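Note sheet for the following structure.
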2 protein chains.
Amino acid sequence: MTTDENLAAVVSTTQGDYRVIVGRGVIDDIGAEMTAAGLSGRAFLVADVAMFPTAVHRAHEALERGGFATNVMTLELSERVKNMETVQQVYQWLADQRAERIDTIVAMGGGVAGDLVGFTAATWLRGVPVVQVPTSLAAMVDASIGGKVAVNLPAGKNLVGAFYQPRLVLQDVDHLKTLPQREMAGGWAEAIKHGLIMDTDLLDTFERHADDMQTLEGDLPVKTIRRSVRIKAEVVSADEFERGDTRVLLNYGHTVGHAIESVSGYGKFFHGEAVAIGMMAAAGIARRLGMIDQELVDRQRAVLKRYNLPVTVSDVTADQLIAATKSDKKTRGGTIRWVLLEGPGKATTRRDVQDEVVREAVEEVISDG
Amino acid sequence: MTTDENLAAVVSTTQGDYRVIVGRGVIDDIGAEMTAAGLSGRAFLVADVAMFPTAVHRAHEALERGGFATNVMTLELSERVKNMETVQQVYQWLADQRAERIDTIVAMGGGVAGDLVGFTAATWLRGVPVVQVPTSLAAMVDASIGGKVAVNLPAGKNLVGAFYQPRLVLQDVDHLKTLPQREMAGGWAEAIKHGLIMDTDLLDTFERHADDMQTLEGDLPVKTIRRSVRIKAEVVSADEFERGDTRVLLNYGHTVGHAIESVSGYGKFFHGEAVAIGMMAAAGIARRLGMIDQELVDRQRAVLKRYNLPVTVSDVTADQLIAATKSDKKTRGGTIRWVLLEGPGKATTRRDVQDEVVREAVEEVISDG
């Protein structure tokens with residue numbers, strides 16, 4: 001097992017507790033960590049082809065060294081193929097290999113890998129153990145923790161899925177070294193979001209150390225990722241199924257963010273980029289409702305820009321975005337539950353936002369290109 | 001709500017507790033029962049077309065009367081179409097109707113409906129409430145309780161699924177009136193199995209009242225179904241995920257039973273018929289191991305025959321059946337965990353059964369046609 005220093009959080013759920021490990025080179029410990037988590041049997045490593053060959057081979061060796069006879073499958077993954085057809089390819093492979101209930105599926109890659117492979121594990125033989133090895137920043141600080149897994153349908157994103165908790169989450173910060181800059185920015189958006197909604201100290205850290213953070217060198221980025229992970233872990237432990245008033249706060253920026261992704265066509269924006277613009281729209285709503293002042297709106301804009309995130313969108317209309325927010329699957333009885341800031345590090349939800357306020361705030365994030 | 005008399009059991013699980021209602025005409029109470037279970041929103045009734053039109057209309061009316069705006073989909077269901085393609089048809093319908101997280105899916109039909117619609121509910125929007133309305137005897141006493149849902153892959157039966165508990169199980173014994181005799185027999189097999197493995201009084205009742213039972217008239221059949229339901233509910237409450245030593249006992253007769261279904265081609269035997277033959281093979285093993293005497297083997301054979309169940313199989317070889325048992329998905333590290341009787345109403349598991357003993361017992365249930 002890794003040193004306690006690398007233990008970012010323990011997530012507590014109805015399906016069991018699990019550790020989230022964050023550090024440099026921790027992939028080499030995966031076998032020992034899996035054993036410590038009570039896993040045995042064989043390992044089925046399903047990796048995004050982007051991690052092939054170096055990172056996949058290193059993980060494979062670490063699994064074998066840890067006593068797990070391992071089969072490897074690589075997949076070319078993207079939001080476009082995050083669907084049941086790809087899941088069925090993995091099922092077929094598992095059937096061919098006779099993967100059993102005591103075996104473990106290891107999901108290695110970005111958010112798409114975690115979602116798709118996690119869903120496959122949730123449903124193969126009514127659920128087999130899954131270990132998440134997120135390799136993008138967005139997946140590390142957000143998607144890999146909490147058990148939300150899903151695939152897309154033609155009718156919409158993430159319409160099919162499960163709440164299925166991993167048995168272990170292992171995050172090797174060295175995996176981020178080869179990540180494209182825009183993809184990193186999308187990840188920072190989710191981490192900064194954690195600061196904005198729940199943790200002013202984390203927000204301060206992002207503001208004060210923007211340059212050091214983005215080099216990924218030294219202790220600061222690792223510690224900051226751990227801190228962001230811990231926030232996500234606490235939220236999930238408190239509100240596993242998003243039935244309460246806590247987990248929904250993580251959707252800050254997501255109502256308009258999803259609308260931007262939907263209207264722009266998936267692929268134009270990274271998810272975190274769309275969320276950054278969505279957070280600006282949400283901030284505009286909160287300011288208009290008198291919940292926050294202009295200073296916090298400007299502060300949010302500044303920190304997002306420091307991490308190379310967009311704060312406006314072009315080539316879409318307010319009508320398009322507003323229509324798209326209304327078809328969001330979280331819509332309940334027709335009213336949208338907005339996540340809005342009440343102050344730095346403090347968020348709440350509101351259902352009674354007037355259409356006119358939404359329209360003004362959305363128009364404010366549309367630029368003329 | 002129905003009277004307490006109709007409450008067969010309360011199942012207790014990590015996903016919540018739920019009531020199992022068994023009675024005549026109880027479908028008329030479905031709306032009130034759903035409200036009592038904390039459900040609101042709309043209802044999406046997915047029914048086997050065999051229940052159309054009379055039973056579907058009656059359920060639809062009861063839902064609307066109970067305050068649930070209801071959409072209805074009927075499907076031609078069979079083991080052959082219990083697959084992801086059919087699930088995707090239901091997803092598409094739910095997407096078209098904009099079914100939301102607070103809405104409830106009602107699964108009405110036999111075991112295939114419960115499995116397929118239950119799996120759809122488990123995965124739609126990461127899980128929406130599901131109410132099981134089993135209309136076959138096998139589904140009533142067995143499959144509808146306990147949250148096992150699944151669909152088939154080309155590679156094998158039930159390879160894809162979940163443990164996903166319903167919020168309510170409503171069993172209207174009047175639905176059995178139109179069931180073909182062979183299908184009823186398959187259901188009795190599962191209920192008799194409950195007696196054989198756990199409840200000598202239930203076994204006695206089946207033996208002493210075989211004629212009255214099969215008329216389905218009067219109180220006795222209803223009470224007996226309730227009692228069988230209660231056994232299943234207790235087992236599930238004690239061992240929700242089949243990780244302990246309890247739920248596995250319900251697989252009595254299933255190792256050879258599954259092999260018979262697989263080798264004969266699905267469709268030749270009803271599941272319960274194959275299980276009846278499988279129980280005879282298991283009894284042969286237990287007798288050879290000195291766990292039970294010939295008298296209990298004969299007693300088991302007699303009660304199965306009284307309910308028109310087969311006790312031998314033709315047109316297959318012992319080699320075929322033994323090979324099929326070894327590809328069963330419950331196989332763990334290559335050894336089969338046999339469920340065997342130790343006496344009437346008492347079962348246990350054994351992993352150390354010699355191939356030769358299995359072969360002799362299997363040969364004993366093969367007739368020359």
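Residues are referred to by chain and number: the chain letter is A, B, ... according to the order shown in the structure tokens, the number counts from 1 in that chain, and ligands are numbered separately from 1 in the order shown.
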Original post:
Contacts of Val358 of chain B at 7 Å or less, counting only C-alpha atoms, minus same-chain residues fewer than 4 places along, as an MDAnalysis selection string?
Top reply: chainID B and resid 285 354 362
Would you put the residues from that selection into a file with N, CA and C atoms, as a PDB file, in the first residue's frame?
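Produced file part-v9.pdb, reproduced below:
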```pdb
ATOM      1  N   ILE B 285     -27.246 -36.948  -6.126  1.00  0.00           N
ATOM      2  CA  ILE B 285     -25.902 -36.672  -5.606  1.00  0.00           C
ATOM      3  C   ILE B 285     -25.903 -36.785  -4.080  1.00  0.00           C
ATOM      4  N   GLN B 354     -17.300 -35.297  -6.153  1.00  0.00           N
ATOM      5  CA  GLN B 354     -16.475 -35.948  -7.179  1.00  0.00           C
ATOM      6  C   GLN B 354     -17.213 -36.064  -8.510  1.00  0.00           C
ATOM      7  N   VAL B 362     -26.435 -37.688 -12.750  1.00  0.00           N
ATOM      8  CA  VAL B 362     -26.955 -37.101 -13.987  1.00  0.00           C
ATOM      9  C   VAL B 362     -27.490 -38.200 -14.895  1.00  0.00           C
TER      10      VAL B 362
END
```
Subject >> Contacts of His271 of chain B within 8 Å, only C-alpha atoms, excl. fewer than 3 positions in-chain, as an NGL selection string >> reply: :B and (186 or 257 or 261 or 274-275)
Go ahead and dump the residues you just picked, N, CA and C atoms, as a PDB file, in the first residue's frame.
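After the write, part-v9.pdb holds the following:
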```pdb
ATOM      1  N   GLY B 186     -44.419 -25.157 -13.826  1.00  0.00           N
ATOM      2  CA  GLY B 186     -43.089 -24.583 -13.632  1.00  0.00           C
ATOM      3  C   GLY B 186     -43.025 -23.695 -12.401  1.00  0.00           C
ATOM      4  N   GLY B 257     -30.320 -27.926 -13.806  1.00  0.00           N
ATOM      5  CA  GLY B 257     -31.453 -27.296 -14.484  1.00  0.00           C
ATOM      6  C   GLY B 257     -31.000 -26.363 -15.601  1.00  0.00           C
ATOM      7  N   GLU B 261     -31.528 -26.638 -19.719  1.00  0.00           N
ATOM      8  CA  GLU B 261     -32.056 -25.569 -20.579  1.00  0.00           C
ATOM      9  C   GLU B 261     -31.077 -25.249 -21.696  1.00  0.00           C
ATOM     10  N   ALA B 274     -37.161 -27.579 -15.906  1.00  0.00           N
ATOM     11  CA  ALA B 274     -35.745 -27.955 -15.903  1.00  0.00           C
ATOM     12  C   ALA B 274     -35.214 -28.042 -14.473  1.00  0.00           C
ATOM     13  N   VAL B 275     -35.682 -27.120 -13.613  1.00  0.00           N
ATOM     14  CA  VAL B 275     -35.252 -27.137 -12.210  1.00  0.00           C
ATOM     15  C   VAL B 275     -35.748 -28.413 -11.523  1.00  0.00           C
TER      16      VAL B 275
END
```
Each residue of chain A with at least one atom at most 7 Å from chain B should appear once, together with its nearest atom pair and the corresponding distance in Å (one decimal); atoms considered: only C-alpha atoms; ordering: chain, then increasing residue number; output as a Markdown table.
```
| residue | atom | partner | partner_atom | distance |
| --- | --- | --- | --- | --- |
| A:Thr14 | CA | B:Thr14 | CA | 6.8 |
| A:Ala95 | CA | B:Ala155 | CA | 6.4 |
| A:Glu100 | CA | B:Lys329 | CA | 6.8 |
| A:Thr123 | CA | B:Gly161 | CA | 4.8 |
| A:Trp124 | CA | B:Val160 | CA | 4.8 |
| A:Leu125 | CA | B:Leu159 | CA | 4.9 |
| A:Arg126 | CA | B:Ala162 | CA | 3.9 |
| A:Gly127 | CA | B:Ala162 | CA | 6.1 |
| A:Ala155 | CA | B:Ala95 | CA | 6.4 |
| A:Leu159 | CA | B:Leu125 | CA | 4.9 |
| A:Val160 | CA | B:Trp124 | CA | 4.8 |
| A:Gly161 | CA | B:Arg126 | CA | 4.3 |
| A:Ala162 | CA | B:Arg126 | CA | 3.9 |
| A:Phe163 | CA | B:Arg126 | CA | 6.0 |
| A:Lys329 | CA | B:Glu100 | CA | 6.8 |
```
Hey, could you lay chain B over chain A with a least-squares C-alpha fit (all atoms, paired in order) and save it as a compact mmCIF listing (two decimals) with C-alpha atoms, in the first residue's frame?
```
# COMPACT_ATOMS: atom_id res chain seq x y z
CA MET B 1 -0.05 0.03 -0.01
CA THR B 2 0.98 3.61 -0.53
CA THR B 3 1.87 5.88 2.32
CA ASP B 4 -0.97 7.59 4.15
CA GLU B 5 0.19 10.85 2.62
CA ASN B 6 -1.28 9.73 -0.70
CA LEU B 7 -4.67 8.87 0.80
CA ALA B 8 -6.83 11.78 -0.32
CA ALA B 9 -10.16 10.52 1.06
CA VAL B 10 -12.27 7.57 2.10
CA VAL B 11 -15.68 7.61 0.43
CA SER B 12 -18.47 6.15 2.55
CA THR B 13 -21.48 4.68 0.70
CA THR B 14 -24.28 2.13 1.06
CA GLN B 15 -22.30 -0.10 -1.28
CA GLY B 16 -19.21 0.04 0.94
CA ASP B 17 -16.32 2.38 1.74
CA TYR B 18 -13.37 2.93 -0.56
CA ARG B 19 -10.07 4.78 -0.66
CA VAL B 20 -9.07 7.47 -3.13
CA ILE B 21 -5.30 7.53 -3.63
CA VAL B 22 -3.67 10.58 -5.22
CA GLY B 23 0.08 10.79 -5.82
CA ARG B 24 2.97 10.52 -8.22
CA GLY B 25 3.81 7.06 -9.52
CA VAL B 26 1.07 5.43 -7.45
CA ILE B 27 0.05 3.24 -10.40
CA ASP B 28 2.92 0.98 -9.34
CA ASP B 29 1.02 0.24 -6.10
CA ILE B 30 -2.24 -0.79 -7.77
CA GLY B 31 -1.88 -4.49 -6.97
CA ALA B 32 -1.18 -3.92 -3.29
CA GLU B 33 -3.98 -1.37 -3.04
CA MET B 34 -6.44 -3.78 -4.67
CA THR B 35 -5.43 -6.54 -2.28
CA ALA B 36 -5.85 -4.15 0.65
CA ALA B 37 -9.33 -3.34 -0.70
CA GLY B 38 -10.22 -7.02 -0.41
CA LEU B 39 -10.02 -7.81 -4.11
CA SER B 40 -8.73 -11.07 -5.53
CA GLY B 41 -9.34 -13.10 -8.67
CA ARG B 42 -8.20 -11.86 -12.05
CA ALA B 43 -7.99 -8.28 -13.35
CA PHE B 44 -9.56 -7.07 -16.58
CA LEU B 45 -7.85 -3.83 -17.52
CA VAL B 46 -9.92 -1.79 -19.99
CA ALA B 47 -7.94 1.24 -21.09
CA ASP B 48 -8.37 4.13 -23.44
CA VAL B 49 -6.01 3.55 -26.35
CA ALA B 50 -4.55 7.00 -25.64
CA MET B 51 -2.81 5.40 -22.65
CA PHE B 52 -1.25 2.74 -24.85
CA PRO B 53 1.45 1.52 -24.78
CA THR B 54 3.53 3.01 -21.95
CA ALA B 55 0.98 3.69 -19.24
CA VAL B 56 -1.02 0.54 -20.05
CA HIS B 57 2.08 -1.65 -19.83
CA ARG B 58 3.12 -0.09 -16.55
CA ALA B 59 -0.33 -0.72 -15.07
CA HIS B 60 -0.37 -4.26 -16.46
CA GLU B 61 3.01 -5.01 -14.90
CA ALA B 62 1.96 -3.54 -11.56
CA LEU B 63 -1.18 -5.70 -11.55
CA GLU B 64 0.73 -8.89 -12.33
CA ARG B 65 3.41 -8.02 -9.76
CA GLY B 66 0.61 -7.57 -7.24
CA GLY B 67 -0.66 -11.08 -7.93
CA PHE B 68 -3.48 -10.31 -10.36
CA ALA B 69 -3.44 -12.34 -13.56
CA THR B 70 -4.44 -9.64 -16.02
CA ASN B 71 -6.16 -9.40 -19.40
CA VAL B 72 -5.97 -6.11 -21.27
CA MET B 73 -8.39 -4.50 -23.72
CA THR B 74 -7.78 -1.10 -25.27
CA LEU B 75 -10.58 0.95 -26.78
CA GLU B 76 -10.67 4.11 -28.84
CA LEU B 77 -12.96 6.14 -26.62
CA SER B 78 -14.79 9.40 -27.11
CA GLU B 79 -18.15 10.88 -26.21
CA ARG B 80 -19.39 9.78 -29.65
CA VAL B 81 -18.83 6.06 -28.91
CA LYS B 82 -19.86 6.22 -25.24
CA ASN B 83 -22.87 4.07 -26.07
CA MET B 84 -24.38 0.63 -25.67
CA GLU B 85 -22.67 -0.66 -28.81
CA THR B 86 -19.24 -0.10 -27.25
CA VAL B 87 -20.45 -1.56 -23.96
CA GLN B 88 -21.52 -4.67 -25.86
CA GLN B 89 -18.00 -5.01 -27.29
CA VAL B 90 -16.66 -5.09 -23.75
CA TYR B 91 -19.34 -7.59 -22.66
CA GLN B 92 -18.31 -9.84 -25.54
CA TRP B 93 -14.67 -9.65 -24.50
CA LEU B 94 -15.54 -10.43 -20.88
CA ALA B 95 -17.64 -13.38 -22.05
CA ASP B 96 -14.79 -14.64 -24.24
CA GLN B 97 -12.40 -14.42 -21.28
CA ARG B 98 -14.99 -15.93 -18.93
CA ALA B 99 -14.70 -13.05 -16.48
CA GLU B 100 -16.35 -14.10 -13.20
CA ARG B 101 -17.97 -12.40 -10.24
CA ILE B 102 -14.81 -12.44 -8.16
CA ASP B 103 -12.76 -10.78 -10.89
CA THR B 104 -12.11 -7.03 -11.03
CA ILE B 105 -12.49 -4.64 -13.91
CA VAL B 106 -9.98 -1.78 -13.97
CA ALA B 107 -11.10 1.32 -15.88
CA MET B 108 -8.17 3.41 -17.11
CA GLY B 109 -8.65 6.65 -19.00
CA GLY B 110 -10.59 9.89 -18.90
CA GLY B 111 -14.21 10.49 -18.01
CA VAL B 112 -15.53 8.46 -20.92
CA ALA B 113 -13.54 5.41 -19.84
CA GLY B 114 -14.75 5.74 -16.25
CA ASP B 115 -18.36 6.14 -17.30
CA LEU B 116 -18.45 3.41 -19.92
CA VAL B 117 -16.26 0.83 -18.23
CA GLY B 118 -17.89 1.59 -14.90
CA PHE B 119 -21.32 0.96 -16.40
CA THR B 120 -20.07 -2.26 -17.95
CA ALA B 121 -18.80 -3.43 -14.55
CA ALA B 122 -22.07 -2.38 -12.88
CA THR B 123 -24.06 -4.63 -15.20
CA TRP B 124 -21.74 -7.54 -16.03
CA LEU B 125 -23.00 -10.57 -14.04
CA ARG B 126 -25.19 -8.10 -12.09
CA GLY B 127 -22.11 -6.17 -10.98
CA VAL B 128 -18.45 -7.06 -10.52
CA PRO B 129 -15.82 -5.03 -8.61
CA VAL B 130 -14.44 -2.02 -10.47
CA VAL B 131 -11.32 0.05 -9.82
CA GLN B 132 -11.18 3.51 -11.32
CA VAL B 133 -7.84 4.78 -12.63
CA PRO B 134 -8.74 8.22 -14.00
CA THR B 135 -6.04 9.75 -16.17
CA SER B 136 -7.56 13.16 -16.95
CA LEU B 137 -7.77 15.97 -14.44
CA ALA B 138 -11.55 16.28 -14.81
CA ALA B 139 -12.03 12.59 -14.10
CA MET B 140 -9.67 12.78 -11.12
CA VAL B 141 -11.28 15.65 -9.26
CA ASP B 142 -14.84 14.83 -10.25
CA ALA B 143 -16.17 11.92 -12.30
CA SER B 144 -14.11 9.04 -10.89
CA ILE B 145 -15.49 9.55 -7.37
CA GLY B 146 -19.07 8.85 -6.44
CA GLY B 147 -20.20 5.96 -8.59
CA LYS B 148 -22.09 7.81 -11.29
CA VAL B 149 -21.60 5.75 -14.45
CA ALA B 150 -23.48 6.09 -17.71
CA VAL B 151 -23.57 5.88 -21.48
CA ASN B 152 -25.35 8.01 -24.07
CA LEU B 153 -28.42 7.23 -26.15
CA PRO B 154 -29.27 8.88 -29.45
CA ALA B 155 -31.93 10.71 -27.40
CA GLY B 156 -29.45 12.27 -25.00
CA LYS B 157 -26.31 12.12 -22.91
CA ASN B 158 -25.99 9.81 -19.89
CA LEU B 159 -29.59 8.61 -20.16
CA VAL B 160 -28.58 5.05 -19.28
CA GLY B 161 -26.47 4.33 -16.23
CA ALA B 162 -26.23 3.41 -12.59
CA PHE B 163 -25.01 4.50 -9.20
CA TYR B 164 -22.26 1.93 -8.84
CA GLN B 165 -19.38 2.59 -6.49
CA PRO B 166 -15.81 1.58 -7.29
CA ARG B 167 -13.82 -0.47 -4.78
CA LEU B 168 -10.81 1.81 -5.16
CA VAL B 169 -9.88 4.99 -7.01
CA LEU B 170 -6.22 5.37 -7.91
CA GLN B 171 -5.02 8.66 -9.35
CA ASP B 172 -1.48 8.95 -10.64
CA VAL B 173 -0.72 12.63 -11.17
CA ASP B 174 2.12 11.67 -13.54
CA HIS B 175 -0.57 10.56 -16.01
CA LEU B 176 -1.47 14.22 -16.50
CA LYS B 177 1.93 15.13 -17.98
CA THR B 178 0.90 14.30 -21.52
CA LEU B 179 -2.60 15.78 -21.33
CA PRO B 180 -3.36 18.54 -23.88
CA GLN B 181 -3.62 22.00 -22.38
CA ARG B 182 -7.32 22.49 -23.19
CA GLU B 183 -8.20 19.21 -21.54
CA MET B 184 -6.25 20.23 -18.43
CA ALA B 185 -8.17 23.52 -18.38
CA GLY B 186 -11.45 21.61 -18.43
CA GLY B 187 -10.29 19.73 -15.36
CA TRP B 188 -9.26 22.85 -13.52
CA ALA B 189 -12.78 24.18 -14.14
CA GLU B 190 -14.29 21.37 -12.05
CA ALA B 191 -11.70 21.81 -9.30
CA ILE B 192 -12.19 25.59 -9.21
CA LYS B 193 -15.93 24.90 -9.05
CA HIS B 194 -15.36 22.95 -5.81
CA GLY B 195 -13.69 26.04 -4.39
CA LEU B 196 -16.45 28.36 -5.57
CA ILE B 197 -19.28 26.31 -4.07
CA MET B 198 -17.70 24.96 -0.88
CA ASP B 199 -14.16 26.03 0.01
CA THR B 200 -12.85 29.58 -0.06
CA ASP B 201 -9.34 28.44 0.90
CA LEU B 202 -9.23 26.22 -2.17
CA LEU B 203 -10.49 29.12 -4.27
CA ASP B 204 -7.77 31.35 -2.83
CA THR B 205 -5.12 28.74 -3.63
CA PHE B 206 -6.26 28.61 -7.25
CA GLU B 207 -6.13 32.38 -7.49
CA ARG B 208 -2.77 32.87 -5.80
CA HIS B 209 -0.85 30.01 -7.39
CA ALA B 210 -2.27 29.81 -10.90
CA ASP B 211 1.14 29.61 -12.58
CA ASP B 212 2.70 27.04 -10.26
CA MET B 213 -0.44 24.98 -10.40
CA GLN B 214 -0.46 24.72 -14.16
CA THR B 215 3.14 23.53 -14.37
CA LEU B 216 2.06 20.43 -12.44
CA GLU B 217 5.50 20.51 -10.80
CA GLY B 218 6.19 20.12 -7.11
CA ASP B 219 3.82 19.38 -4.24
CA LEU B 220 1.24 22.11 -4.69
CA PRO B 221 -0.73 20.64 -7.63
CA VAL B 222 -0.82 17.19 -6.01
CA LYS B 223 -2.00 18.59 -2.71
CA THR B 224 -4.60 20.73 -4.44
CA ILE B 225 -5.96 17.80 -6.41
CA ARG B 226 -6.16 15.83 -3.15
CA ARG B 227 -8.07 18.65 -1.53
CA SER B 228 -10.50 18.87 -4.42
CA VAL B 229 -10.95 15.10 -4.33
CA ARG B 230 -11.73 15.31 -0.62
CA ILE B 231 -14.54 17.80 -1.23
CA LYS B 232 -16.10 15.53 -3.82
CA ALA B 233 -15.69 12.53 -1.49
CA GLU B 234 -17.39 14.34 1.38
CA VAL B 235 -20.30 15.38 -0.80
CA VAL B 236 -20.81 11.86 -2.13
CA SER B 237 -20.58 10.37 1.35
CA ALA B 238 -23.26 12.79 2.56
CA ASP B 239 -25.64 12.41 -0.37
CA GLU B 240 -24.84 9.28 -2.37
CA PHE B 241 -27.90 9.30 -4.61
CA GLU B 242 -28.30 13.04 -5.11
CA ARG B 243 -31.60 12.93 -3.25
CA GLY B 244 -30.62 15.54 -0.70
CA ASP B 245 -29.51 19.12 -1.08
CA THR B 246 -25.76 18.49 -1.15
CA ARG B 247 -24.68 16.52 -4.21
CA VAL B 248 -26.81 18.68 -6.47
CA LEU B 249 -24.51 21.62 -5.63
CA LEU B 250 -21.78 19.95 -7.70
CA ASN B 251 -23.96 20.77 -10.70
CA TYR B 252 -23.01 24.44 -10.37
CA GLY B 253 -22.65 25.74 -13.92
CA HIS B 254 -24.02 22.54 -15.40
CA THR B 255 -27.52 23.63 -16.43
CA VAL B 256 -26.28 26.18 -18.96
CA GLY B 257 -23.11 24.13 -19.45
CA HIS B 258 -25.08 21.12 -20.67
CA ALA B 259 -27.17 23.40 -22.86
CA ILE B 260 -24.02 24.81 -24.46
CA GLU B 261 -22.67 21.31 -25.13
CA SER B 262 -25.99 20.24 -26.59
CA VAL B 263 -26.53 23.28 -28.82
CA SER B 264 -22.89 23.55 -29.94
CA GLY B 265 -22.74 19.87 -30.75
CA TYR B 266 -20.73 17.64 -28.46
CA GLY B 267 -17.04 17.91 -29.19
CA LYS B 268 -16.70 21.65 -29.70
CA PHE B 269 -16.21 22.31 -25.99
CA PHE B 270 -14.66 20.16 -23.33
CA HIS B 271 -17.20 19.55 -20.60
CA GLY B 272 -15.27 21.72 -18.13
CA GLU B 273 -15.09 24.56 -20.64
CA ALA B 274 -18.86 24.51 -21.08
CA VAL B 275 -19.25 24.39 -17.29
CA ALA B 276 -17.01 27.46 -16.96
CA ILE B 277 -19.34 29.44 -19.23
CA GLY B 278 -22.31 27.95 -17.40
CA MET B 279 -20.89 29.12 -14.08
CA MET B 280 -20.68 32.64 -15.52
CA ALA B 281 -24.36 32.45 -16.50
CA ALA B 282 -25.27 31.17 -13.03
CA ALA B 283 -23.25 33.97 -11.44
CA GLY B 284 -25.19 36.45 -13.59
CA ILE B 285 -28.45 35.00 -12.31
CA ALA B 286 -27.32 35.12 -8.67
CA ARG B 287 -26.19 38.74 -9.05
CA ARG B 288 -29.55 39.73 -10.58
CA LEU B 289 -31.35 38.04 -7.69
CA GLY B 290 -29.21 40.02 -5.23
CA MET B 291 -27.58 36.87 -3.86
CA ILE B 292 -24.02 37.95 -4.71
CA ASP B 293 -22.40 41.21 -5.78
CA GLN B 294 -20.61 42.11 -9.01
CA GLU B 295 -17.26 41.72 -7.29
CA LEU B 296 -17.71 37.96 -6.89
CA VAL B 297 -18.86 37.66 -10.52
CA ASP B 298 -15.68 39.43 -11.61
CA ARG B 299 -13.55 37.34 -9.26
CA GLN B 300 -15.00 34.13 -10.70
CA ARG B 301 -14.41 35.35 -14.26
CA ALA B 302 -10.81 36.27 -13.46
CA VAL B 303 -9.87 32.91 -11.96
CA LEU B 304 -11.47 31.00 -14.83
CA LYS B 305 -9.54 33.08 -17.35
CA ARG B 306 -6.28 32.52 -15.44
CA TYR B 307 -6.77 28.81 -16.17
CA ASN B 308 -7.40 29.44 -19.89
CA LEU B 309 -11.11 28.75 -19.63
CA PRO B 310 -13.72 30.41 -21.86
CA VAL B 311 -16.23 32.69 -20.15
CA THR B 312 -18.42 33.41 -23.18
CA VAL B 313 -19.85 31.40 -26.07
CA SER B 314 -20.44 32.42 -29.70
CA ASP B 315 -22.55 31.11 -32.58
CA VAL B 316 -25.53 30.25 -30.38
CA THR B 317 -28.64 32.20 -29.41
CA ALA B 318 -30.23 32.71 -26.02
CA ASP B 319 -33.39 31.03 -27.33
CA GLN B 320 -31.45 27.90 -28.24
CA LEU B 321 -29.71 27.70 -24.87
CA ILE B 322 -32.89 28.33 -22.88
CA ALA B 323 -34.79 25.68 -24.86
CA ALA B 324 -31.95 23.21 -24.21
CA THR B 325 -31.97 23.85 -20.46
CA LYS B 326 -35.63 22.87 -20.40
CA SER B 327 -34.95 19.43 -21.87
CA ASP B 328 -32.29 18.65 -19.26
CA LYS B 329 -32.98 15.30 -17.59
CA LYS B 330 -32.74 16.84 -14.13
CA THR B 331 -35.75 18.97 -14.93
CA ARG B 332 -38.41 17.99 -12.44
CA GLY B 333 -42.01 18.72 -13.17
CA GLY B 334 -40.91 21.38 -15.62
CA THR B 335 -39.08 23.69 -13.20
CA ILE B 336 -35.31 23.98 -13.27
CA ARG B 337 -33.39 23.67 -10.03
CA TRP B 338 -30.64 26.26 -10.35
CA VAL B 339 -27.46 25.96 -8.34
CA LEU B 340 -26.43 29.48 -7.38
CA LEU B 341 -23.74 31.08 -5.26
CA GLU B 342 -24.67 32.96 -2.09
CA GLY B 343 -21.09 34.04 -1.56
CA PRO B 344 -17.54 32.76 -2.15
CA GLY B 345 -17.39 29.09 -1.12
CA LYS B 346 -21.14 28.91 -0.54
CA ALA B 347 -23.86 27.60 -2.87
CA THR B 348 -27.56 26.83 -2.66
CA THR B 349 -30.42 25.87 -4.99
CA ARG B 350 -33.38 27.90 -6.23
CA ARG B 351 -36.40 26.78 -8.24
CA ASP B 352 -38.20 30.09 -8.57
CA VAL B 353 -35.92 31.92 -10.98
CA GLN B 354 -37.92 34.01 -13.46
CA ASP B 355 -37.45 33.35 -17.18
CA GLU B 356 -36.49 36.99 -17.75
CA VAL B 357 -33.63 36.81 -15.26
CA VAL B 358 -32.33 33.64 -16.89
CA ARG B 359 -32.57 35.25 -20.33
CA GLU B 360 -30.57 38.30 -19.32
CA ALA B 361 -27.87 36.21 -17.67
CA VAL B 362 -27.63 33.87 -20.65
CA GLU B 363 -27.45 36.78 -23.10
CA GLU B 364 -24.56 38.15 -21.06
CA VAL B 365 -22.40 35.08 -21.76
CA ILE B 366 -23.07 35.12 -25.50
CA SER B 367 -20.42 36.98 -27.45
CA ASP B 368 -20.64 37.89 -31.10
CA GLY B 369 -17.81 35.52 -31.95
```
Subject >> Sel. of strand (DSSP E) residues, segment 36-200 of chain B, as a PyMOL selection string >> reply: chain B and resi 43-48+70-75+104-109+130-134+148-153+156-163+168-172
